[in-house]
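K.L.:
Structure supplied as target.txt; contents: compact mmCIF, C-alpha atoms and all ligand atoms.
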# COMPACT_ATOMS: atom_id res chain seq x y z
CA MET A 1 65.31 94.21 119.45
CA THR A 2 66.01 92.80 122.90
CA ASP A 3 64.72 94.30 126.17
CA SER A 4 68.11 95.71 127.02
CA ALA A 5 68.72 97.40 123.66
CA ARG A 6 67.81 101.07 123.25
CA ASP A 7 65.92 102.50 120.26
CA THR A 8 69.07 104.27 119.11
CA ASP A 9 71.11 101.05 119.06
CA PRO A 10 71.82 99.35 115.74
CA PRO A 11 70.03 95.99 115.18
CA GLU A 12 71.59 93.11 117.04
CA HIS A 13 73.62 90.46 115.21
CA GLU A 14 74.44 87.09 116.66
CA VAL A 15 78.18 87.23 116.00
CA VAL A 16 80.62 89.87 114.80
CA VAL A 17 83.96 88.49 113.68
CA VAL A 18 86.72 91.09 113.77
CA GLY A 19 89.51 90.25 111.32
CA GLY A 20 89.33 88.40 108.02
CA GLY A 21 92.52 86.36 107.96
CA PRO A 22 92.43 82.55 107.99
CA ALA A 23 91.04 82.47 111.55
CA GLY A 24 88.23 84.97 110.99
CA LEU A 25 87.31 83.61 107.57
CA GLN A 26 87.01 80.08 108.92
CA ALA A 27 85.00 81.27 111.93
CA ALA A 28 82.58 83.00 109.54
CA LEU A 29 82.29 79.83 107.44
CA THR A 30 81.53 77.72 110.51
CA LEU A 31 78.82 80.19 111.59
CA GLY A 32 77.40 80.39 108.07
CA ARG A 33 77.11 76.61 107.88
CA VAL A 34 74.51 76.71 110.69
CA HIS A 35 72.85 79.91 109.48
CA ARG A 36 73.95 82.20 112.29
CA ASP A 37 73.59 85.92 111.61
CA THR A 38 77.24 86.96 111.27
CA VAL A 39 79.13 90.07 110.20
CA LEU A 40 82.84 89.77 109.47
CA VAL A 41 84.74 93.07 109.43
CA ASP A 42 88.19 93.07 107.89
CA ALA A 43 90.73 95.85 107.53
CA GLY A 44 92.73 94.15 104.78
CA GLN A 45 96.22 92.75 104.90
CA GLY A 46 97.19 89.93 107.22
CA ARG A 47 100.48 89.00 108.78
CA ASN A 48 101.76 87.00 105.82
CA ALA A 49 100.94 89.70 103.23
CA PRO A 50 104.65 90.38 102.51
CA ALA A 51 105.07 86.76 101.32
CA SER A 52 104.12 85.81 97.78
CA HIS A 53 103.33 82.18 98.68
CA LEU A 54 101.88 80.49 101.71
CA HIS A 55 103.09 77.02 102.58
CA ASN A 56 102.36 74.12 104.89
CA LEU A 57 98.64 74.15 104.18
CA ILE A 58 97.37 71.01 102.57
CA THR A 59 95.63 71.56 99.17
CA ARG A 60 96.84 75.21 99.13
CA ASP A 61 100.60 74.77 99.49
CA GLY A 62 102.24 77.57 97.47
CA THR A 63 99.11 79.74 97.09
CA ASP A 64 99.44 83.54 97.13
CA PRO A 65 98.03 84.70 100.52
CA ALA A 66 95.83 87.26 98.73
CA GLU A 67 94.42 84.49 96.52
CA PHE A 68 93.72 82.36 99.61
CA ARG A 69 91.64 85.22 101.05
CA ARG A 70 89.86 85.79 97.75
CA LEU A 71 88.89 82.11 97.54
CA ALA A 72 87.68 82.07 101.14
CA ARG A 73 85.52 85.15 100.63
CA GLU A 74 84.09 83.65 97.46
CA GLU A 75 83.10 80.53 99.42
CA LEU A 76 81.41 82.68 102.08
CA ARG A 77 79.09 84.15 99.43
CA ALA A 78 77.18 80.85 99.45
CA TYR A 79 76.01 81.58 103.02
CA PRO A 80 73.28 84.23 103.14
CA THR A 81 73.55 84.86 106.88
CA VAL A 82 77.20 85.93 106.55
CA GLU A 83 78.03 89.50 105.59
CA VAL A 84 81.62 90.51 104.89
CA ARG A 85 82.44 94.20 105.37
CA GLU A 86 85.63 95.99 104.45
CA GLY A 87 86.57 98.27 107.30
CA ARG A 88 88.50 98.79 110.48
CA VAL A 89 86.96 98.32 113.88
CA THR A 90 88.10 101.09 116.19
CA SER A 91 86.35 100.27 119.44
CA LEU A 92 84.64 97.42 121.19
CA ARG A 93 82.75 97.64 124.46
CA PRO A 94 79.98 95.89 126.34
CA ALA A 95 76.59 97.42 125.52
CA GLU A 96 75.18 99.33 128.45
CA GLY A 97 73.30 97.27 131.01
CA THR A 98 73.89 93.94 129.33
CA THR A 99 76.58 92.35 131.46
CA GLY A 100 76.65 91.52 135.10
CA GLU A 101 74.26 89.47 137.15
CA SER A 102 71.59 89.20 134.45
CA GLY A 103 74.06 87.10 132.45
CA ARG A 104 72.79 88.82 129.29
CA THR A 105 75.63 90.10 127.12
CA ALA A 106 75.85 92.28 124.06
CA TYR A 107 78.69 94.29 122.60
CA LEU A 108 78.92 97.48 120.59
CA VAL A 109 81.41 97.47 117.76
CA GLU A 110 82.41 100.82 116.23
CA LEU A 111 83.99 101.10 112.81
CA GLU A 112 86.33 103.75 111.43
CA ASP A 113 83.66 104.86 108.92
CA GLY A 114 81.38 105.96 111.77
CA THR A 115 78.99 102.99 111.57
CA SER A 116 78.46 100.63 114.48
CA LEU A 117 77.20 97.11 115.11
CA ARG A 118 75.55 95.50 118.08
CA THR A 119 76.19 91.82 118.65
CA ARG A 120 75.59 89.00 121.10
CA CYS A 121 79.04 87.49 120.54
CA VAL A 122 82.40 88.75 119.31
CA ILE A 123 85.11 86.62 117.75
CA LEU A 124 88.44 88.43 117.77
CA ALA A 125 90.75 87.28 114.97
CA THR A 126 92.87 90.37 114.40
CA GLY A 127 96.24 88.61 114.38
CA VAL A 128 99.67 89.85 115.39
CA ARG A 129 102.40 91.88 113.75
CA ASP A 130 106.13 91.14 113.84
CA ARG A 131 108.68 93.57 115.20
CA LEU A 132 111.81 92.91 113.15
CA PRO A 133 115.43 93.39 114.23
CA GLU A 134 116.43 97.00 113.53
CA ILE A 135 118.97 96.18 110.87
CA PRO A 136 118.85 98.10 107.58
CA GLY A 137 117.48 96.00 104.72
CA ILE A 138 115.65 93.37 106.79
CA ALA A 139 112.20 94.97 106.50
CA GLU A 140 112.49 95.29 102.71
CA LEU A 141 113.33 91.59 102.30
CA TRP A 142 110.90 90.31 104.94
CA GLY A 143 108.73 87.42 103.75
CA ASP A 144 110.97 86.88 100.74
CA LEU A 145 114.67 86.14 101.38
CA VAL A 146 114.37 86.96 105.08
CA ALA A 147 111.96 84.83 107.07
CA GLN A 148 111.20 83.54 110.51
CA CYS A 149 109.68 80.11 110.14
CA PRO A 150 111.36 77.14 108.43
CA PHE A 151 107.98 75.43 108.01
CA CYS A 152 106.82 78.43 105.95
CA HIS A 153 110.03 79.15 104.03
CA GLY A 154 112.54 76.33 104.60
CA HIS A 155 112.01 74.14 101.54
CA GLU A 156 112.51 77.16 99.24
CA PHE A 157 116.16 77.20 100.39
CA ALA A 158 116.76 73.50 99.74
CA GLY A 159 120.41 72.80 98.89
CA ARG A 160 121.35 76.47 99.48
CA ARG A 161 123.54 78.40 101.91
CA VAL A 162 121.34 79.73 104.69
CA ALA A 163 122.10 82.09 107.58
CA ILE A 164 120.54 82.27 111.05
CA LEU A 165 120.62 85.64 112.81
CA GLY A 166 121.13 85.66 116.59
CA ALA A 167 122.79 83.34 119.08
CA GLU A 168 119.63 82.47 121.01
CA PRO A 169 117.65 80.71 118.24
CA ALA A 170 120.72 79.34 116.45
CA THR A 171 120.87 75.79 117.82
CA HIS A 172 117.15 75.09 117.47
CA LEU A 173 116.83 76.62 113.99
CA ALA A 174 120.01 74.91 112.78
CA GLY A 175 118.58 71.58 113.91
CA ILE A 176 115.38 72.15 111.92
CA LEU A 177 117.20 73.43 108.82
CA ARG A 178 119.97 70.78 108.75
CA PRO A 179 118.19 68.38 106.36
CA VAL A 180 117.15 71.26 104.09
CA ALA A 181 120.13 73.58 103.66
CA ALA A 182 123.47 72.62 102.12
CA GLU A 183 125.35 75.04 104.37
CA LEU A 184 124.40 76.79 107.60
CA VAL A 185 125.92 80.08 108.73
CA VAL A 186 125.28 81.50 112.20
CA LEU A 187 125.54 85.29 112.64
CA THR A 188 125.54 85.96 116.37
CA HIS A 189 125.25 89.75 115.94
CA GLY A 190 127.76 90.56 118.66
CA GLU A 191 126.83 87.78 121.07
CA GLU A 192 128.74 84.71 122.19
CA PRO A 193 127.91 81.64 120.09
CA PRO A 194 125.84 79.10 122.05
CA ALA A 195 127.87 76.34 123.66
CA ASP A 196 125.65 73.64 122.15
CA LEU A 197 125.90 74.86 118.54
CA PRO A 198 125.93 71.70 116.38
CA SER A 199 129.05 70.85 114.40
CA PHE A 200 127.17 70.85 111.08
CA VAL A 201 127.01 74.67 111.26
CA THR A 202 129.75 75.48 108.74
CA THR A 203 130.44 79.15 109.56
CA VAL A 204 130.01 81.27 112.67
CA ARG A 205 130.50 85.06 112.53
CA THR A 206 130.27 87.03 115.76
CA GLU A 207 130.55 90.63 114.44
CA ARG A 208 127.47 92.88 114.61
CA VAL A 209 125.35 92.79 111.48
CA THR A 210 125.13 96.31 110.00
CA GLY A 211 122.95 95.70 106.95
CA VAL A 212 121.40 93.22 104.56
CA GLY A 213 120.89 93.71 100.84
CA ARG A 214 119.94 91.75 97.73
CA ALA A 215 122.89 90.38 95.77
CA GLY A 216 122.08 88.40 92.63
CA ASP A 217 119.37 85.95 93.62
CA GLY A 218 120.63 85.86 97.19
CA LEU A 219 121.76 88.18 99.96
CA GLU A 220 124.83 90.03 101.09
CA VAL A 221 125.05 90.48 104.85
CA ARG A 222 127.34 93.34 105.88
CA LEU A 223 129.18 93.07 109.20
CA ALA A 224 130.83 95.66 111.48
CA ALA A 225 134.24 94.16 110.62
CA GLY A 226 135.60 91.78 108.03
CA ASP A 227 134.22 90.61 104.70
CA PRO A 228 130.48 90.55 104.07
CA VAL A 229 128.77 87.14 104.01
CA ARG A 230 126.92 85.86 100.93
CA VAL A 231 123.94 83.61 101.62
CA ASP A 232 120.76 82.56 99.79
CA GLY A 233 118.38 83.23 102.67
CA LEU A 234 118.28 84.46 106.26
CA PHE A 235 116.19 83.35 109.23
CA THR A 236 115.61 85.73 112.10
CA PRO A 237 113.40 85.63 115.20
CA THR A 238 110.89 88.46 115.67
CA THR A 239 108.88 89.87 118.54
CA MET A 240 105.12 89.57 118.14
CA ARG A 241 102.58 92.13 119.33
CA GLN A 242 98.83 92.16 118.88
CA ALA A 243 97.71 93.97 115.75
CA ALA A 244 94.61 95.51 117.34
CA PRO A 245 93.84 97.15 120.71
CA PHE A 246 90.75 95.14 121.66
CA ALA A 247 92.29 92.89 124.28
CA GLU A 248 93.31 96.07 126.07
CA GLN A 249 89.98 97.86 125.47
CA LEU A 250 88.04 94.92 126.89
CA ALA A 251 90.64 94.22 129.61
CA LEU A 252 90.92 90.61 128.48
CA GLY A 253 93.31 88.28 130.27
CA LEU A 254 96.67 87.97 128.52
CA ASN A 255 99.46 85.43 128.68
CA GLU A 256 103.13 86.37 129.02
CA SER A 257 103.40 86.16 125.23
CA GLY A 258 101.18 89.28 125.09
CA CYS A 259 98.53 87.24 123.28
CA THR A 260 94.98 86.87 124.53
CA ARG A 261 94.51 84.01 126.98
CA VAL A 262 91.90 81.52 125.78
CA ASP A 263 90.67 78.21 127.08
CA GLU A 264 90.68 75.08 124.92
CA SER A 265 87.40 76.25 123.33
CA CYS A 266 88.68 79.76 122.41
CA ARG A 267 86.77 81.52 125.18
CA THR A 268 88.48 84.61 126.59
CA SER A 269 88.06 85.99 130.10
CA LEU A 270 84.90 87.88 129.02
CA PRO A 271 81.57 86.12 128.36
CA ARG A 272 80.71 85.71 124.66
CA VAL A 273 84.07 87.10 123.54
CA TYR A 274 86.24 84.52 121.78
CA ALA A 275 89.69 84.78 120.25
CA ALA A 276 91.26 82.75 117.45
CA GLY A 277 94.35 82.67 115.29
CA ASP A 278 97.73 84.19 116.07
CA MET A 279 96.38 86.58 118.72
CA ALA A 280 94.97 83.72 120.84
CA HIS A 281 97.13 81.70 123.22
CA VAL A 282 95.92 78.60 125.04
CA GLU A 283 97.61 78.91 128.41
CA ALA A 284 98.68 75.25 128.55
CA LEU A 285 100.85 75.73 125.46
CA PRO A 286 104.30 77.34 125.75
CA MET A 287 103.53 79.92 123.05
CA PRO A 288 100.80 80.82 120.59
CA MET A 289 100.89 78.27 117.77
CA THR A 290 101.01 80.63 114.81
CA SER A 291 100.34 79.22 111.36
CA VAL A 292 97.59 79.36 108.78
CA ALA A 293 96.46 75.80 109.50
CA GLN A 294 96.34 76.48 113.23
CA ALA A 295 94.46 79.76 112.66
CA ILE A 296 91.89 77.90 110.58
CA ALA A 297 91.52 75.24 113.27
CA SER A 298 91.01 77.77 116.04
CA GLY A 299 88.65 79.86 113.89
CA MET A 300 86.50 76.77 113.45
CA LEU A 301 86.61 76.13 117.20
CA ALA A 302 85.75 79.74 118.09
CA GLY A 303 82.81 79.69 115.68
CA SER A 304 81.43 76.42 116.99
CA THR A 305 81.89 77.49 120.64
CA ALA A 306 79.95 80.69 119.91
CA VAL A 307 77.16 78.56 118.42
CA LYS A 308 77.15 76.29 121.47
CA ASP A 309 76.85 79.33 123.78
CA LEU A 310 74.07 80.88 121.66
CA VAL A 311 72.15 77.61 121.76
CA GLU A 312 72.55 77.47 125.54
CA ASP A 313 71.20 81.04 125.81
CA GLU A 314 68.27 80.13 123.61
CA ILE A 315 67.18 76.75 124.93
CA GLY A 316 69.19 76.33 128.12
C1 LIG B 1 106.25 86.74 106.31
C2 LIG B 1 105.37 85.66 106.86
C3 LIG B 1 105.10 84.54 106.11
C4 LIG B 1 104.28 83.54 106.63
N1 LIG B 1 104.10 82.41 105.89
C5 LIG B 1 103.32 81.44 106.39
C6 LIG B 1 103.15 80.21 105.66
O1 LIG B 1 103.71 80.04 104.56
N2 LIG B 1 102.37 79.25 106.22
C7 LIG B 1 101.78 79.41 107.44
O2 LIG B 1 101.09 78.48 107.88
N3 LIG B 1 101.92 80.54 108.14
C8 LIG B 1 102.67 81.56 107.64
N4 LIG B 1 102.84 82.70 108.37
C9 LIG B 1 102.05 82.88 109.60
C10 LIG B 1 100.61 83.30 109.21
O3 LIG B 1 100.67 84.50 108.46
C11 LIG B 1 99.72 83.50 110.41
O4 LIG B 1 99.82 82.41 111.28
C12 LIG B 1 98.25 83.68 109.97
O5 LIG B 1 98.13 84.74 109.05
C13 LIG B 1 97.37 83.94 111.19
O6 LIG B 1 96.07 84.16 110.75
P1 LIG B 1 95.10 85.15 111.59
O7 LIG B 1 93.77 85.03 110.92
O8 LIG B 1 95.22 84.89 113.03
O9 LIG B 1 95.72 86.62 111.38
P2 LIG B 1 96.03 87.47 110.07
O10 LIG B 1 96.24 86.61 108.90
O11 LIG B 1 97.12 88.41 110.46
O12 LIG B 1 94.68 88.27 109.81
C14 LIG B 1 94.23 89.23 110.72
C15 LIG B 1 93.23 90.12 110.00
O13 LIG B 1 92.62 91.01 110.94
C16 LIG B 1 92.51 92.27 110.35
N5 LIG B 1 92.43 93.31 111.38
C17 LIG B 1 93.37 93.69 112.28
N6 LIG B 1 92.91 94.71 113.02
C18 LIG B 1 91.65 94.95 112.59
C19 LIG B 1 90.66 95.89 112.98
N7 LIG B 1 90.88 96.79 113.95
N8 LIG B 1 89.47 95.89 112.34
C20 LIG B 1 89.22 94.99 111.34
N9 LIG B 1 90.14 94.07 110.93
C21 LIG B 1 91.33 94.06 111.55
C22 LIG B 1 93.79 92.41 109.50
O14 LIG B 1 93.64 93.41 108.52
C23 LIG B 1 93.89 91.00 108.93
O15 LIG B 1 93.17 90.89 107.72
C24 LIG B 1 103.68 83.69 107.91
C25 LIG B 1 103.94 84.84 108.65
C26 LIG B 1 104.78 85.82 108.15
C27 LIG B 1 105.08 87.02 108.98
Would you write out, as structure tokens, the structure that this file holds?
Ligand SMILES: Cc1cc2nc3c(=O)[nH]c(=O)nc-3n(C[C@H](O)[C@H](O)[C@H](O)COP(=O)(O)OP(=O)(O)OC[C@H]3O[C@@H](n4cnc5c(N)ncnc54)[C@H](O)[C@@H]3O)c2cc1C

P.N.:
Amino acid sequence: MTDSARDTDPPEHEVVVVGGGPAGLQAALTLGRVHRDTVLVDAGQGRNAPASHLHNLITRDGTDPAEFRRLAREELRAYPTVEVREGRVTSLRPAEGTTGESGRTAYLVELEDGTSLRTRCVILATGVRDRLPEIPGIAELWGDLVAQCPFCHGHEFAGRRVAILGAEPATHLAGILRPVAAELVVLTHGEEPPADLPSFVTTVRTERVTGVGRAGDGLEVRLAAGDPVRVDGLFTPTTMRQAAPFAEQLALGLNESGCTRVDESCRTSLPRVYAAGDMAHVEALPMPMTSVAQAIASGMLAGSTAVKDLVEDEIG
């Protein structure tokens, strides 16, 4: 126990990783590789849980996201200094008397089950959640026939008729999907079509979309007027928000995206608190780069930066 810890405090770990998606799992692996005392706490499903396959990850292209997590946890069992706990963290705060001029930091991590952890470093990897357009049927088909990212879902619609919802993303998404889809339909949902919409978009419908439902192995999109549209898949933008309240609890700096601002080494605005994966946003980039591969890369970086900082604390 350190000088600043009280008798009633739980024993101090070196790192607590909050969130066991690709970012948190990789961070734990990186820490385990150099035998750092690490606890990973994970509440369960990640952002891509509605999808049955994850794509664009070399050696695991097409793997079920749940299987990806199972494999990662199995690999972590080889590292005795890493403990994986099922559970939800409810609160995170600096331990009393450990921040400030002394430079000594520790954090208290409280879990829903009433237990708590004390740690020198925290890696936040709690991800984001998507707010979907409020159109009946979209939520039910999300991650299956309705998707956001052509890199994750595009190839599955090869040679098919694909719709893009919304005027704003239409030109960009159509450009990405052109070599993949046989036909592209833009549904502007009551807005004016963009002036720069490419000519290879075969159909443009400007009526409001009132609902989406499964039809055969594709979709029927119902509109406020006129015939419904039959397509094989639909792409829609979403709004992202952080899945957990810790950036707010710790008053971490945020970027306009709402994601936690990190430097190139995954450090947040608070000493010994790091963020990785979808919830972390390097300010120099226009938006958080959200993908499994990117989450893994930043998890590795957050883990190795925490090690660097621990080493500096230990030997200067
Ligand atoms: C439908 C869909 C399909 C996708 N398909 C792909 C794809 O094919 N390829 C690809 O590269 N990307 C895909 N993505 C994006 C991908 O899911 C994310 O980029 C990736 O999951 C980010 O990993 P992460 O570790 O940051 O967060 P997540 O995977 O979201 O994991 C966060 C973890 O933190 C846990 N957590 C949250 N709050 C707490 C708390 N309070 N206490 C403890 N644990 C907590 C959650 O339970 C979760 O397990 C897809 C996204 C969506 C929405």

K.L.:
Quick one: distance from CA of Leu223 in chain A to CA of Glu156 in chain A in Å, one decimal?

P.N.:
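Computing the Euclidean distance for CA of Leu223 in chain A and CA of Glu156 in chain A yields 25.1 Å.
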
K.L.:
Go through chain A and flag each residue having an atom no more than 6 Å from ligand LIG 1 (chain B); for those, report the closest pair of atoms plus their distance in Å to one decimal, using only C-alpha atoms and all ligand atoms, ordered by chain and rising number, as a Markdown table.

P.N.:
| residue | atom | partner | partner_atom | distance |
| --- | --- | --- | --- | --- |
| A:Val18 | CA | B:LIG1 | C20 | 5.2 |
| A:Gly19 | CA | B:LIG1 | O13 | 3.2 |
| A:Gly20 | CA | B:LIG1 | O15 | 4.6 |
| A:Gly21 | CA | B:LIG1 | O12 | 3.4 |
| A:Pro22 | CA | B:LIG1 | O7 | 4.1 |
| A:Ala23 | CA | B:LIG1 | O7 | 3.8 |
| A:Gly24 | CA | B:LIG1 | O7 | 5.5 |
| A:Val41 | CA | B:LIG1 | C20 | 5.2 |
| A:Asp42 | CA | B:LIG1 | N9 | 3.7 |
| A:Ala43 | CA | B:LIG1 | N9 | 3.9 |
| A:Gly44 | CA | B:LIG1 | O14 | 3.9 |
| A:Gln45 | CA | B:LIG1 | O14 | 4.5 |
| A:Gly46 | CA | B:LIG1 | O11 | 3.6 |
| A:Arg47 | CA | B:LIG1 | O11 | 3.8 |
| A:Asn48 | CA | B:LIG1 | O3 | 3.8 |
| A:Pro50 | CA | B:LIG1 | C1 | 5.5 |
| A:Ala51 | CA | B:LIG1 | C1 | 5.1 |
| A:Leu54 | CA | B:LIG1 | O1 | 3.4 |
| A:His55 | CA | B:LIG1 | O1 | 3.7 |
| A:Asn56 | CA | B:LIG1 | N2 | 5.3 |
| A:Gly87 | CA | B:LIG1 | C20 | 5.8 |
| A:Arg88 | CA | B:LIG1 | N8 | 3.6 |
| A:Val89 | CA | B:LIG1 | N8 | 3.8 |
| A:Thr90 | CA | B:LIG1 | N7 | 5.6 |
| A:Ala125 | CA | B:LIG1 | O8 | 5.4 |
| A:Thr126 | CA | B:LIG1 | O13 | 3.5 |
| A:Gly127 | CA | B:LIG1 | O9 | 3.6 |
| A:Val128 | CA | B:LIG1 | O11 | 5.7 |
| A:Gly143 | CA | B:LIG1 | C1 | 3.6 |
| A:Cys152 | CA | B:LIG1 | O1 | 3.8 |
| A:Ala243 | CA | B:LIG1 | C17 | 5.6 |
| A:Ala244 | CA | B:LIG1 | N6 | 4.7 |
| A:Gly277 | CA | B:LIG1 | O8 | 3.3 |
| A:Asp278 | CA | B:LIG1 | O8 | 4.0 |
| A:Thr290 | CA | B:LIG1 | O4 | 4.1 |
| A:Ser291 | CA | B:LIG1 | O4 | 3.2 |
| A:Val292 | CA | B:LIG1 | O2 | 3.7 |
| A:Ala293 | CA | B:LIG1 | O2 | 5.6 |
| A:Ala295 | CA | B:LIG1 | O6 | 5.1 |

K.L.:
Using only C-alpha atoms, find the one residue out of A:Pro10, A:Gly316, A:Gly303, A:Gly114 that sits nearest to Arg33 in chain A.

P.N.:
A:Gly303

K.L.:
Let me make sure I understand: among A:Thr188, A:Thr202, A:Ser52, A:Thr305, which one has the smallest atom-to-atom distance to Cys121 in chain A if we use only C-alpha atoms?

P.N.:
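Of A:Thr188, A:Thr202, A:Ser52, A:Thr305, the one nearest Cys121 in chain A, counting only C-alpha atoms, is A:Thr305.
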
K.L.:
For Ala28 in chain A, work out the shell of residues within 8 Å, counting all atoms listed in the file and skipping chain neighbours fewer than 5 positions away, then give it as a list of chain:residue names.

P.N.:
A:Val17, A:Thr38, A:Val39, A:Leu40, A:Leu76, A:Val82, A:Gly303

K.L.:
Using only C-alpha atoms, find the one residue out of A:Gly137, A:Pro198, A:Pro65, A:Pro286 that sits nearest to Arg214 in chain A.

P.N.:
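Once distances to Arg214 in chain A are computed over only C-alpha atoms, the minimum belongs to A:Gly137.
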
K.L.:
Given the choices A:Thr171, A:Leu219, A:Ala225, A:Gly159, which gets closest to His189 in chain A if the distance is worked out from all atoms listed in the file?

P.N.:
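Among the listed residues, A:Ala225 lies closest to His189 in chain A.
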
K.L.:
Restricting the calculation to only C-alpha atoms: of A:Gly190, A:Gly62, A:Gly32, A:Pro11, which residue gets closest to Arg77 in chain A?

P.N.:
A:Gly32

K.L.:
Between CA of Gly166 in chain A and CA of Glu191 in chain A, measure the distance and give it in Å to one decimal.

P.N.:
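These atoms are spaced 7.6 Å apart.
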
K.L.:
Quick one: range 76-97 of chain A with N, CA and C atoms, as a PDB file, keeping the file's coordinate frame?

P.N.:
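Saved to selection.pdb:
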ATOM      1  N   LEU A  76      82.370  82.133 101.091  1.00  0.00           N
ATOM      2  CA  LEU A  76      81.410  82.680 102.080  1.00  0.00           C
ATOM      3  C   LEU A  76      80.158  83.233 101.412  1.00  0.00           C
ATOM      4  N   ARG A  77      80.269  83.591 100.119  1.00  0.00           N
ATOM      5  CA  ARG A  77      79.090  84.150  99.430  1.00  0.00           C
ATOM      6  C   ARG A  77      77.941  83.149  99.353  1.00  0.00           C
ATOM      7  N   ALA A  78      78.237  81.865  99.497  1.00  0.00           N
ATOM      8  CA  ALA A  78      77.180  80.850  99.450  1.00  0.00           C
ATOM      9  C   ALA A  78      76.302  80.869 100.707  1.00  0.00           C
ATOM     10  N   TYR A  79      76.704  81.638 101.720  1.00  0.00           N
ATOM     11  CA  TYR A  79      76.010  81.580 103.020  1.00  0.00           C
ATOM     12  C   TYR A  79      75.315  82.912 103.284  1.00  0.00           C
ATOM     13  N   PRO A  80      73.996  82.947 103.089  1.00  0.00           N
ATOM     14  CA  PRO A  80      73.280  84.230 103.140  1.00  0.00           C
ATOM     15  C   PRO A  80      73.278  84.906 104.499  1.00  0.00           C
ATOM     16  N   THR A  81      73.565  84.189 105.564  1.00  0.00           N
ATOM     17  CA  THR A  81      73.550  84.860 106.880  1.00  0.00           C
ATOM     18  C   THR A  81      74.898  85.491 107.213  1.00  0.00           C
ATOM     19  N   VAL A  82      75.864  85.350 106.291  1.00  0.00           N
ATOM     20  CA  VAL A  82      77.200  85.930 106.550  1.00  0.00           C
ATOM     21  C   VAL A  82      77.401  87.156 105.672  1.00  0.00           C
ATOM     22  N   GLU A  83      77.699  88.271 106.327  1.00  0.00           N
ATOM     23  CA  GLU A  83      78.030  89.500 105.590  1.00  0.00           C
ATOM     24  C   GLU A  83      79.506  89.811 105.824  1.00  0.00           C
ATOM     25  N   VAL A  84      80.217  90.121 104.742  1.00  0.00           N
ATOM     26  CA  VAL A  84      81.620  90.510 104.890  1.00  0.00           C
ATOM     27  C   VAL A  84      81.725  92.008 104.609  1.00  0.00           C
ATOM     28  N   ARG A  85      82.283  92.744 105.551  1.00  0.00           N
ATOM     29  CA  ARG A  85      82.440  94.200 105.370  1.00  0.00           C
ATOM     30  C   ARG A  85      83.909  94.567 105.371  1.00  0.00           C
ATOM     31  N   GLU A  86      84.302  95.409 104.406  1.00  0.00           N
ATOM     32  CA  GLU A  86      85.630  95.990 104.450  1.00  0.00           C
ATOM     33  C   GLU A  86      85.588  97.094 105.486  1.00  0.00           C
ATOM     34  N   GLY A  87      86.564  97.163 106.344  1.00  0.00           N
ATOM     35  CA  GLY A  87      86.570  98.270 107.300  1.00  0.00           C
ATOM     36  C   GLY A  87      87.429  97.945 108.499  1.00  0.00           C
ATOM     37  N   ARG A  88      87.674  98.965 109.276  1.00  0.00           N
ATOM     38  CA  ARG A  88      88.500  98.790 110.480  1.00  0.00           C
ATOM     39  C   ARG A  88      87.643  99.058 111.702  1.00  0.00           C
ATOM     40  N   VAL A  89      87.640  98.109 112.598  1.00  0.00           N
ATOM     41  CA  VAL A  89      86.960  98.320 113.880  1.00  0.00           C
ATOM     42  C   VAL A  89      87.863  99.182 114.749  1.00  0.00           C
ATOM     43  N   THR A  90      87.281 100.208 115.355  1.00  0.00           N
ATOM     44  CA  THR A  90      88.100 101.090 116.190  1.00  0.00           C
ATOM     45  C   THR A  90      87.834 100.886 117.678  1.00  0.00           C
ATOM     46  N   SER A  91      86.602 100.468 118.000  1.00  0.00           N
ATOM     47  CA  SER A  91      86.350 100.270 119.440  1.00  0.00           C
ATOM     48  C   SER A  91      85.318  99.171 119.670  1.00  0.00           C
ATOM     49  N   LEU A  92      85.500  98.542 120.787  1.00  0.00           N
ATOM     50  CA  LEU A  92      84.640  97.420 121.190  1.00  0.00           C
ATOM     51  C   LEU A  92      84.335  97.578 122.660  1.00  0.00           C
ATOM     52  N   ARG A  93      83.057  97.530 123.017  1.00  0.00           N
ATOM     53  CA  ARG A  93      82.750  97.640 124.460  1.00  0.00           C
ATOM     54  C   ARG A  93      81.434  96.922 124.760  1.00  0.00           C
ATOM     55  N   PRO A  94      81.257  96.503 125.989  1.00  0.00           N
ATOM     56  CA  PRO A  94      79.980  95.890 126.340  1.00  0.00           C
ATOM     57  C   PRO A  94      78.872  96.920 126.177  1.00  0.00           C
ATOM     58  N   ALA A  95      77.734  96.501 125.637  1.00  0.00           N
ATOM     59  CA  ALA A  95      76.590  97.420 125.520  1.00  0.00           C
ATOM     60  C   ALA A  95      76.052  97.681 126.924  1.00  0.00           C
ATOM     61  N   GLU A  96      75.622  98.913 127.121  1.00  0.00           N
ATOM     62  CA  GLU A  96      75.180  99.330 128.450  1.00  0.00           C
ATOM     63  C   GLU A  96      74.125  98.382 129.042  1.00  0.00           C
ATOM     64  N   GLY A  97      74.319  98.030 130.286  1.00  0.00           N
ATOM     65  CA  GLY A  97      73.300  97.270 131.010  1.00  0.00           C
ATOM     66  C   GLY A  97      73.139  95.827 130.577  1.00  0.00           C
TER      67      GLY A  97
END
